[in-house]
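Asks: Dropping a structure here in structure tokens format, bear with me for questions.
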Amino acid sequence: MEILSVKNVKKHFGGVKAVDGCSIRIETGTVMGLIGPNGAGKTTLFNLISGFEKGSGEITFKGMRTDKLPPFKIARCGMVRTFQIPRALSKMTVLENLLLAPKAQHGERIWNVWLRRKSVQMQENTIKEKSREILEFFEISHLEDEYAGALSGGQKKLLEMARAIAIDPSLMMLDEPFAGVNPTLARKITGYIDELREGGMTFFIIEHDIPAITKISDKITVMSEGKVLTEGTPDEIRSNPDVLNVYLGGEG
Amino acid sequence: MTGLTGSAGCFDAILPYIVTILLISSIYAIFALGLNLEWGFTGLLNFGHVAFFAIGAYTTVLLDLWGCPLVLSIIAGVALAGFFGFLLGIPTLRLRADYLAIVTIGFSEVLRFILLNEEWLTRGPFGVYGFERPFQDVIPYQYYNTFLLILYVAILVAIYASLERLMHSPWGRVLKSIREDESVPSALGKNVFWYKIQSLMLGSAIAGLAGALLAFYLQYVSPATFKPIETFHAWIIIILGGTASNRGTIVGALILWTFFSGTKFISRLVPLESHQMGAFRMIVIGLLLMLLMMYKPEGIFGKKEELALSD
């Protein structure tokens, strides 16, 4: 069953055709990698799918058209994304970053803070407990009370992934999860992705680190100049001469 | 013996003066708490906060003069201030932060000219007086300011406690995340626009209440009461006290008005005309704020890690 289907999506910035008629389908419970040279339109495609930019074409998530919806409504459907440059909320603590994420919190309605004090408090406790479990999973529990601004680059990446998981998504879109991350941490992140996928989560991952992405992906889409160049299993992609040409620049 | 009566006499003379400072400080503390909610916690740049102060004051006193019960007049003033916050938020809060600043500062001046010129409604430049004050028939006149002070401090404490509670709730958490980077709460499924509207409405309503309280204290309101400088008094208060700190806002109000009143005393010793003295006070305040920004940019009670002005 497919969870996400993108049909002939386009986004032009003036004369620049950032995304120029892309079509991609992702099956539930798989990891789809997205590679391509700089300026291929990968991040713009992410922005279109998550609603941060509007273009033309059809985007269907879990059988529902989402291309006209604002980002927050798309997120509520169960799609969450991270950003290329990690956006940890640096003036909030690590724990607060996670507490922000869960959907449908009673206490997010101003009147409930007064009218449903008990249920707000109970829910808050449950959310706290769950958030701490996630922090433990990512092995950053000891940083719980630190301001996120004090974290290292790699820790911020972990925090952003942790925060994304805290909303309990069915599709996670990661924009360069391995960029600027040391090999040990990269292996750790790979491990987390594998574990979560086994739990039924679907992933769509932009990455430049070819060995890493071929290792965790079930399928890889290659983009070039706003178009989908090809799509296939990691082995097919590795041996495709076109891919070597545009992306690896004849290196292989 | 004489020494004792002497000091008691001095105390009697100074007490009303202290009551006055505390009264005006508490009014401005409430006024600035509204702005602190908008800027300190949500990051909304409101440069026309005084407009909501004016709406609250004028609505309350005019309705009272037209025979509306006092409590209802106050509620109407608060509600109308909140409603105008909503109206201004609808077109501006989807845009970049500076649009709200431009629109609110424009609105506050337009409103002041309406107050000046629509005499059939507002009595124009002569202002409004002769309206009822709360419990004025029950409280003897010589104790009235003391009564107002107790009432206003009680209201201030109630608002402070409510805001603290809100800021520590999930609702407040969403506001803080918007202040920092609104794409994050958006990506996490929060309706950022609606939260910003709520913050602006609530902040404006609080300013409206402060307006009603100011009117009761002054017993008189006129367009000149609501000049743009009042907005910037609120800004000075929250910067001084520490952005995003409700406690700091209250202390900031107290410091600012003690300073304003204290320099009036000193003016007798300084060879300056009264209008020169007014300018001189603003120079000193400007200088103090610059020093504060250089050496303690987070304000007196602000947290450095949460400084809204930094990146």
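Residue names in the structure tokens use chain letters A, B, ... in the order shown, residue numbers from 1 in each chain, and ligand numbers from 1 in the order shown.
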Within 10 Å of Thr243 (chain B), counting only C-alpha atoms, which residues qualify if same-chain residues fewer than 3 places away don't, as a list in words?
Replies: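 With the cut-off at 10 Å, the set is Leu35, Asn36, Leu37, Trp39, Gly40, Phe41, Trp235, Ile237, Ile238, Ile239, Leu240, Asn246, Arg247, Gly248, Thr249, Pro297, Glu298, Gly299, Ile300, Phe301, Gly302, Lys303, Lys304, Glu306, Leu307, Ala308 and Leu309 of chain B.
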Asks: Name the residues of region 41-128 of chain A that come out as alpha helix (DSSP H) in a backbone DSSP run; write them as a PyMOL selection string.
Replies: chain A and resi 42-49+71-76+94-100+112-115+117-128
Asks: Residues at most 7 Å from Val222 (chain A), counting only C-alpha atoms, excluding those fewer than 4 positions away in the same chain, as a VMD selection string?
Replies: chain A and resid 34 to 36 228 to 231
Asks: Using only C-alpha atoms, which chain B residues lie at most 12 Å away from chain A, written as a PyMOL selection string?
Replies: chain B and resi 41+94+162-195+198-199+202+244+303-311
Asks: Skip Phe86 (chain B) itself and residues of its chain fewer than 5 positions away, then list as JSON, numbers by chain all residues within 12 Å of it, counting only C-alpha atoms.
Replies: {"B": [52, 79, 80, 81, 91, 92, 93, 100, 104, 193, 194, 195, 196, 197, 198, 199, 200, 201, 202, 203, 204, 205]}
Asks: Would you list the contacts of Asp218 (chain A) as a ChimeraX atom specification, taking every protein, DNA or RNA residue within 12 Å and counting only C-alpha atoms, but skipping same-chain residues closer than 2 positions in sequence?
Replies: /A:26-34,194,197,202-205,213-216,220-221,231-237
Asks: So which residues touch Asn117 (chain B) within 12 Å, counting only C-alpha atoms, skipping near sequence neighbours fewer than 5 positions away, as a list of chain:residue names?
Replies: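 That gives B:Val110, B:Leu111, B:Arg112, B:Thr122, B:Arg123, B:Gly124, B:Pro125, B:Phe126, B:Gly127, B:Ser222, B:Pro223.
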